[in-house]
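Enquirer: What follows is a structure written as structure tokens; I'll ask about it next.
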Amino acid sequence: MKTSRLWEIILVMLLVTVMGGFGASTSGFLDIYNLSDSTFNFSEKALIALPMALIIIAGEIDISVAAIIALCSVMMGLSKNAGAGPLTITLVGMVAGAACGALNGVLVTRFALPSIVVTIGTLSLYRGAALVILGDGAVTGYPDALITLGNGYVGDLVGVPEFQLPLEFLIFLIAAGAFGIVLHTTVWGRRIFAIGANPVAARFSGIAVDRYRVVLFVVIGVMAGLASVLLTGRIGSTRPNIAMGWELDAITMVILGGVNINGGSGTLPGVVLAIFVLGMFTFGLQMANVPGIVMSMILGGLMILSMIVPILIQRAQQRRRRAQPVVVGA
Amino acid sequence: MNMKLIFLRHRETLLAIIVVILALLVGMRAPVFLTAGNLLDVLNDSSILAILVMGQMVVLLTKGIDLSVASSLALTGMFCAVLGKAFPWLNGPGLILIALVFGALLGALNGLLITLFDLPAIVVTLGTMSAYRGAIFLLSKGAWMNEQDIHPAIKSLPRFELFGLPGLLWFAIATLLLGAWFFRYRRTGREMYALGGNLNAAAYIGVPIRRRLMQVYAISGALAGLAGLLWVGRYSIAFTELASGYELTVIAACVIGGVSTAGGIGTVTGAILGVLFAGVINGALPVVHISPFWQQAISGAVILVAVVVNARSERRLGKQILPPKAAMRSEQGEHA
């Protein structure tokens with residue numbers, strides 16, 4: 001069995017354990033309305049985890065995503081203050097994200113810099129720009145359409161109030177499907193794997209490696225912009241410190257999903273499963289009144305553990321293979 | 001190698017000139033900046049950063065990265081504060097020892113995870129960054145340690161005066177001198193360069209890779225621990241979010257000082273200049289009445305400029321197979 005398939009099965013079992021464990025210990029956890037509301041907690045992070053998976057598979061990383069979310073939100077705030085309507089505000093957010101991502105991509109490819117250093121730099125730059133523009137102020141009073149986008153349910157829009165699926169979650173599901181199709185069924189997806197496995201070999205086999213990298217950084221920028229639109233709508237305000245530390249959460253989702261941090265392998269279903277495992281886990285801990293900082297401590301440990309376990313499995317397999325006698329000519 | 005050294009020397013003079021010009025420019029707008037008292041303040045404010053930069057530099061030299069320094073700093077600071085409150089008979093040297101050992105243990109855990117499972121340092125330290133941060137909360141139960149809770153010995157460590165200079169500065173000077181000696185004259189120190197320059201070559205010449213990596217992270221942790229003790233003493237406060245996000249400032253100072261994240265390149269002088277650069281900027285902003293909110297954006301921009309400049313020069317070196325004749329002649333001239 002392929003290791004990635006095995007990992008997905010482990011994640012499913014983990015999800016069942018988490019759901020079962022909290023379902024048994026916390027009354028009301030498995031209530032369907034409760035569960036559907038719990039998706040508000042992780043939908044925006046999940047939206048940036050999807051492109052993050054692609055970028056890590058391609059052998060790069062983007063530490064600046066959370067800062068991009070903050071800067072996008074500030075830009076949206078400025079456009080709102082200038083009297084823009086909900087559509088323009090949304091567009092401003094996404095374009096700002098694309099621009100931030102493009103700057104990352106250009107710096108990484110044009111100067112052949114490691115993406116981790118570049119995005120640590122742009123993290124300070126984007127978050128700093130958000131701070132410079134807003135200071136200790138805040139923007140509030142966003143139009144109702146944006147608030148609905150962040151807080152609304154699909155059922156209320158189509159006139160079936162029983163269908164309590166959050167709009168945010170629907171957007172995430174659509175995005176997850178799209179990213180999965182691109183990664184696993186198209187030539188683009190195969191090339192992303194090839195670039196991550198060996199960028200030099202990929203270049204020699206005619207893949208425009210740098211162009212792919214730039215596009216991936218722009219894509220994660222746009223998705224950060226989208227996440228920013230949803231987050232800003234959901235909380236109805238902009239502060240320069242929103243989405244602080246989310247890059248860690250998104251990377252944790254990706255790594256727990258079985259994506260190799262060195263690039264070249266991983267599956268999108270794995271990442272989606274990891275998003276659910278982490279989402280349900282955090283939600284259960286929240287219902288059990290565990291403080292946020294302890295939660296992030298547990299998540300940090302979980303991320304390291306999720307890297308160690310596949311390595312231990314791999315080593316055990318190798319040992320077993322070595323122990324078996326080699327049959328010559330079989 | 002010679003070419004590289006000449007370039008580095010050149011780079012460091014350049015950085016030194018930039019720092020001086022920057023200080024003079026600020027002094028022109030606000031003469032108070034250039035008074036001895038204020039310059040001493042700037043140095044004092046940069047001392048903790050200098051200690052942390054030494055630790056981060058060791059890690060970066062070996063192609064690693066330690067994102068958990070700020071959390072290790074805060075956890076050790078809180079640990080010492082709690083210990084100091086519980087055992088009032090503890091003295092300064094004892095607390096320093098505790099901070100160094102406790103920090104080294106935190107660092108060694110990073111090193112163990114990295115070497116035992118061949119995991120990338122960035123992800124491991126990203127994980128321990130939040131793990132250690134959470135541990136502070138568990139240790140302190142979320143409470144703050146205020147002025148009156150903190151052991152007088154901790155408070156006096158950064159404040160005692162020797163030859164007119166504050167204790168904090170002495171700790172930084174001692175760390176930097178020790179670092180310079182270690183990287184220049186100790187076999188272990190040289191091996192850390194070798195290990196980052198070319199891992200396979202280092203393994204072939206018999207460098208014990210795993211042990212060196214363990215040492216590297218333990219050193220980084222120990223220095224973070226010392227910095228934590230001093231931080232708590234200096235500001236007389238310990239809480240969960242202490243120094244949150246400071247790891248980026250530390251890495252920025254290293255990168256500005258010419259320590260390459262690709263491993264094997266960097267000097268103590270460069271690192272000091274990186275710290276001074278950050279110190280001058282931070283000290284200058286309030287003096288020239290620029291909102292402190294600019295600080296992060298400026299340091300981000302400076303990191304980017306520094307890495308772009310570094311990358312260009314490194315690439316030029318990488319492509320050059322034989323030095324041009326003119327350069328060779330001048331080099332020989334220099335040796336003669």
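Chain labels run A, B, ... following the order of the structure tokens; each chain numbers its residues from 1, and ligands are numbered from 1 in the order shown.
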Taking only C-alpha atoms into account, what are the residues of chain B at most 10 Å from chain A, put as an NGL selection string?
Expert: :B and (113 or 116-120 or 122-138 or 142 or 240-241 or 245 or 248-249 or 251-252 or 255 or 260-262 or 291-312 or 315)
Enquirer: Quick one: DSSP helix (DSSP H, G or I) residues in range 11-190 of chain A, as an NGL selection string?
Expert: :A and (11-25 or 32-41 or 43-57 or 65-81 or 86-110 or 115-134 or 144-151 or 154-158 or 167-185 or 187-190)
Enquirer: Mind writing the picked residues with C-alpha atoms as a tab-separated table (two decimals), in the first residue's frame?
Expert:
```tsv
chain	number	residue	atom	x	y	z
A	11	LEU	CA	-6.33	10.36	9.43
A	12	VAL	CA	-9.82	8.91	8.97
A	13	MET	CA	-9.34	6.76	12.06
A	14	LEU	CA	-8.03	9.82	13.92
A	15	LEU	CA	-11.10	11.81	12.85
A	16	VAL	CA	-13.43	9.03	14.03
A	17	THR	CA	-11.54	8.85	17.35
A	18	VAL	CA	-11.71	12.62	17.87
A	19	MET	CA	-15.41	12.77	16.98
A	20	GLY	CA	-16.21	9.71	19.07
A	21	GLY	CA	-14.11	10.84	22.00
A	22	PHE	CA	-15.58	14.33	22.21
A	23	GLY	CA	-19.05	13.02	21.30
A	24	ALA	CA	-18.95	10.70	24.31
A	25	SER	CA	-17.36	13.13	26.74
A	32	ILE	CA	-25.55	18.69	13.67
A	33	TYR	CA	-26.16	22.46	14.02
A	34	ASN	CA	-23.33	22.68	16.48
A	35	LEU	CA	-20.96	20.85	14.15
A	36	SER	CA	-21.93	22.99	11.19
A	37	ASP	CA	-21.32	26.14	13.24
A	38	SER	CA	-17.93	24.79	14.31
A	39	THR	CA	-16.74	25.14	10.71
A	40	PHE	CA	-16.69	28.93	11.22
A	41	ASN	CA	-13.60	28.39	13.35
A	43	SER	CA	-12.89	27.67	7.22
A	44	GLU	CA	-10.69	30.70	6.62
A	45	LYS	CA	-7.52	28.94	7.79
A	46	ALA	CA	-8.48	25.95	5.66
A	47	LEU	CA	-8.78	28.24	2.63
A	48	ILE	CA	-5.12	29.19	2.95
A	49	ALA	CA	-4.07	25.63	3.83
A	50	LEU	CA	-5.17	24.46	0.36
A	51	PRO	CA	-2.76	26.60	-1.67
A	52	MET	CA	-0.17	26.14	1.09
A	53	ALA	CA	-0.30	22.41	0.37
A	54	LEU	CA	0.43	23.07	-3.31
A	55	ILE	CA	3.26	25.44	-2.50
A	56	ILE	CA	4.87	23.00	-0.04
A	57	ILE	CA	4.51	20.14	-2.53
A	65	VAL	CA	0.11	34.39	4.46
A	66	ALA	CA	-1.30	35.61	7.75
A	67	ALA	CA	0.34	39.00	7.27
A	68	ILE	CA	-1.17	39.14	3.76
A	69	ILE	CA	-4.60	38.51	5.31
A	70	ALA	CA	-4.05	41.45	7.68
A	71	LEU	CA	-2.83	43.78	4.93
A	72	CYS	CA	-5.73	42.78	2.64
A	73	SER	CA	-8.17	43.52	5.43
A	74	VAL	CA	-6.58	46.94	5.95
A	75	MET	CA	-6.82	47.65	2.22
A	76	MET	CA	-10.48	46.64	2.30
A	77	GLY	CA	-10.93	48.97	5.25
A	78	LEU	CA	-9.38	51.86	3.31
A	79	SER	CA	-11.61	51.21	0.31
A	80	LYS	CA	-14.66	51.02	2.61
A	81	ASN	CA	-13.71	54.35	4.15
A	86	PRO	CA	-19.24	45.43	-1.06
A	87	LEU	CA	-18.21	44.17	-4.49
A	88	THR	CA	-15.38	46.69	-4.84
A	89	ILE	CA	-14.24	45.98	-1.29
A	90	THR	CA	-14.06	42.26	-2.04
A	91	LEU	CA	-12.18	42.95	-5.25
A	92	VAL	CA	-9.72	45.24	-3.45
A	93	GLY	CA	-9.03	42.49	-0.91
A	94	MET	CA	-8.34	39.86	-3.55
A	95	VAL	CA	-6.21	42.16	-5.72
A	96	ALA	CA	-4.17	43.22	-2.70
A	97	GLY	CA	-3.59	39.55	-1.92
A	98	ALA	CA	-2.53	38.85	-5.50
A	99	ALA	CA	-0.10	41.77	-5.40
A	100	CYS	CA	1.48	40.59	-2.12
A	101	GLY	CA	1.79	37.06	-3.49
A	102	ALA	CA	3.30	38.35	-6.73
A	103	LEU	CA	5.96	40.27	-4.80
A	104	ASN	CA	6.86	37.08	-2.90
A	105	GLY	CA	7.00	35.11	-6.13
A	106	VAL	CA	9.13	37.63	-7.96
A	107	LEU	CA	11.60	37.90	-5.08
A	108	VAL	CA	11.89	34.11	-4.85
A	109	THR	CA	12.36	33.50	-8.57
A	110	ARG	CA	14.06	36.65	-9.81
A	115	SER	CA	11.22	31.27	-0.01
A	116	ILE	CA	11.43	30.93	3.76
A	117	VAL	CA	13.76	33.92	4.06
A	118	VAL	CA	11.81	36.01	1.58
A	119	THR	CA	8.50	35.35	3.27
A	120	ILE	CA	9.91	36.00	6.75
A	121	GLY	CA	10.95	39.38	5.36
A	122	THR	CA	7.64	40.08	3.65
A	123	LEU	CA	5.81	38.89	6.78
A	124	SER	CA	7.37	41.82	8.64
A	125	LEU	CA	6.82	44.10	5.68
A	126	TYR	CA	3.11	43.29	5.18
A	127	ARG	CA	2.25	43.16	8.88
A	128	GLY	CA	4.31	46.32	9.36
A	129	ALA	CA	2.48	48.07	6.52
A	130	ALA	CA	-0.83	47.11	8.12
A	131	LEU	CA	0.41	48.59	11.42
A	132	VAL	CA	1.68	51.76	9.76
A	133	ILE	CA	-1.62	52.37	7.98
A	134	LEU	CA	-3.98	51.60	10.86
A	144	ASP	CA	-24.24	44.09	5.33
A	145	ALA	CA	-23.44	42.01	2.27
A	146	LEU	CA	-19.92	41.35	3.60
A	147	ILE	CA	-21.19	40.58	7.09
A	148	THR	CA	-23.63	38.08	5.58
A	149	LEU	CA	-20.87	36.51	3.52
A	150	GLY	CA	-18.90	35.88	6.69
A	151	ASN	CA	-21.75	34.88	9.00
A	154	VAL	CA	-26.66	28.73	2.55
A	155	GLY	CA	-30.16	27.76	3.73
A	156	ASP	CA	-31.16	31.33	4.52
A	157	LEU	CA	-30.12	32.51	1.07
A	158	VAL	CA	-32.05	29.86	-0.87
A	167	LEU	CA	-21.48	30.09	3.37
A	168	GLU	CA	-17.81	30.12	4.36
A	169	PHE	CA	-17.78	26.35	4.57
A	170	LEU	CA	-19.47	26.01	1.17
A	171	ILE	CA	-16.77	28.25	-0.32
A	172	PHE	CA	-14.12	26.07	1.31
A	173	LEU	CA	-15.71	22.88	-0.09
A	174	ILE	CA	-15.78	24.33	-3.61
A	175	ALA	CA	-12.17	25.52	-3.30
A	176	ALA	CA	-11.04	22.14	-1.93
A	177	GLY	CA	-12.66	20.38	-4.90
A	178	ALA	CA	-11.03	22.76	-7.36
A	179	PHE	CA	-7.58	22.44	-5.79
A	180	GLY	CA	-7.93	18.65	-5.62
A	181	ILE	CA	-8.84	18.43	-9.30
A	182	VAL	CA	-5.98	20.69	-10.35
A	183	LEU	CA	-3.41	18.86	-8.23
A	184	HIS	CA	-4.42	15.29	-8.95
A	185	THR	CA	-5.95	15.22	-12.44
A	187	VAL	CA	-0.79	18.24	-16.10
A	188	TRP	CA	-0.27	21.35	-13.95
A	189	GLY	CA	-0.65	19.22	-10.85
A	190	ARG	CA	1.80	16.58	-12.07
```
Enquirer: Can you work out which one of B:Thr35, B:Leu61, B:Ile51, B:Thr269 has the shortest atom-to-atom distance to Gly189 in chain B, counting only C-alpha atoms?
Expert: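 Residue with the minimum atom-to-atom distance to Gly189 in chain B: B:Leu61.
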Enquirer: Which residues are close to Ile209 in chain B, i.e. within 10 Å by only C-alpha atoms, leaving aside same-chain residues fewer than 2 positions away? Reply as a list in words.
Expert: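 With the cut-off at 10 Å, the set is Thr62, Thr115, Glu191, Met192, Leu195, Leu199, Asn200, Ala202, Ala203, Gly206, Val207, Arg211, Arg212, Leu213, Met214 and Gln215 of chain B.
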Enquirer: Which residues are near Ala70 in chain B? Cut-off 9 Å, only C-alpha atoms, ignore same chain within fewer than 2 positions. Put them as a list in words.
Expert: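 Answer for this query is Leu52, Leu67, Ser68, Ser72, Leu73, Ala74, Leu75, Met129, Arg133, Ala224, Gly228, Leu242, Ala243, Ser244, Gly245, Tyr246, Glu247, Leu248 and Val250 of chain B.
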Enquirer: For C-alpha atoms, I'd like the residues from the last selection saved as a PDB file, in the first residue's frame.
Expert:
```
ATOM      1  CA  LEU B  52      20.307  35.911  20.882  1.00  0.00           C
ATOM      2  CA  LEU B  67      12.256  29.773  15.378  1.00  0.00           C
ATOM      3  CA  SER B  68      11.699  28.743  18.990  1.00  0.00           C
ATOM      4  CA  SER B  72      12.557  29.429  24.903  1.00  0.00           C
ATOM      5  CA  LEU B  73      13.546  32.881  26.159  1.00  0.00           C
ATOM      6  CA  ALA B  74      10.134  33.521  27.660  1.00  0.00           C
ATOM      7  CA  LEU B  75       9.785  30.014  29.112  1.00  0.00           C
ATOM      8  CA  MET B 129       7.743  27.570  19.312  1.00  0.00           C
ATOM      9  CA  ARG B 133       4.816  29.169  24.566  1.00  0.00           C
ATOM     10  CA  ALA B 224      18.034  32.117  24.712  1.00  0.00           C
ATOM     11  CA  GLY B 228      15.312  35.261  29.096  1.00  0.00           C
ATOM     12  CA  LEU B 242       6.769  37.884  26.672  1.00  0.00           C
ATOM     13  CA  ALA B 243       9.020  38.578  23.641  1.00  0.00           C
ATOM     14  CA  SER B 244       6.393  37.095  21.348  1.00  0.00           C
ATOM     15  CA  GLY B 245       7.526  37.353  17.717  1.00  0.00           C
ATOM     16  CA  TYR B 246      11.063  38.366  18.708  1.00  0.00           C
ATOM     17  CA  GLU B 247      12.543  35.410  16.775  1.00  0.00           C
ATOM     18  CA  LEU B 248      11.964  37.337  13.570  1.00  0.00           C
ATOM     19  CA  VAL B 250      16.789  37.979  15.772  1.00  0.00           C
TER      20      VAL B 250
END
```
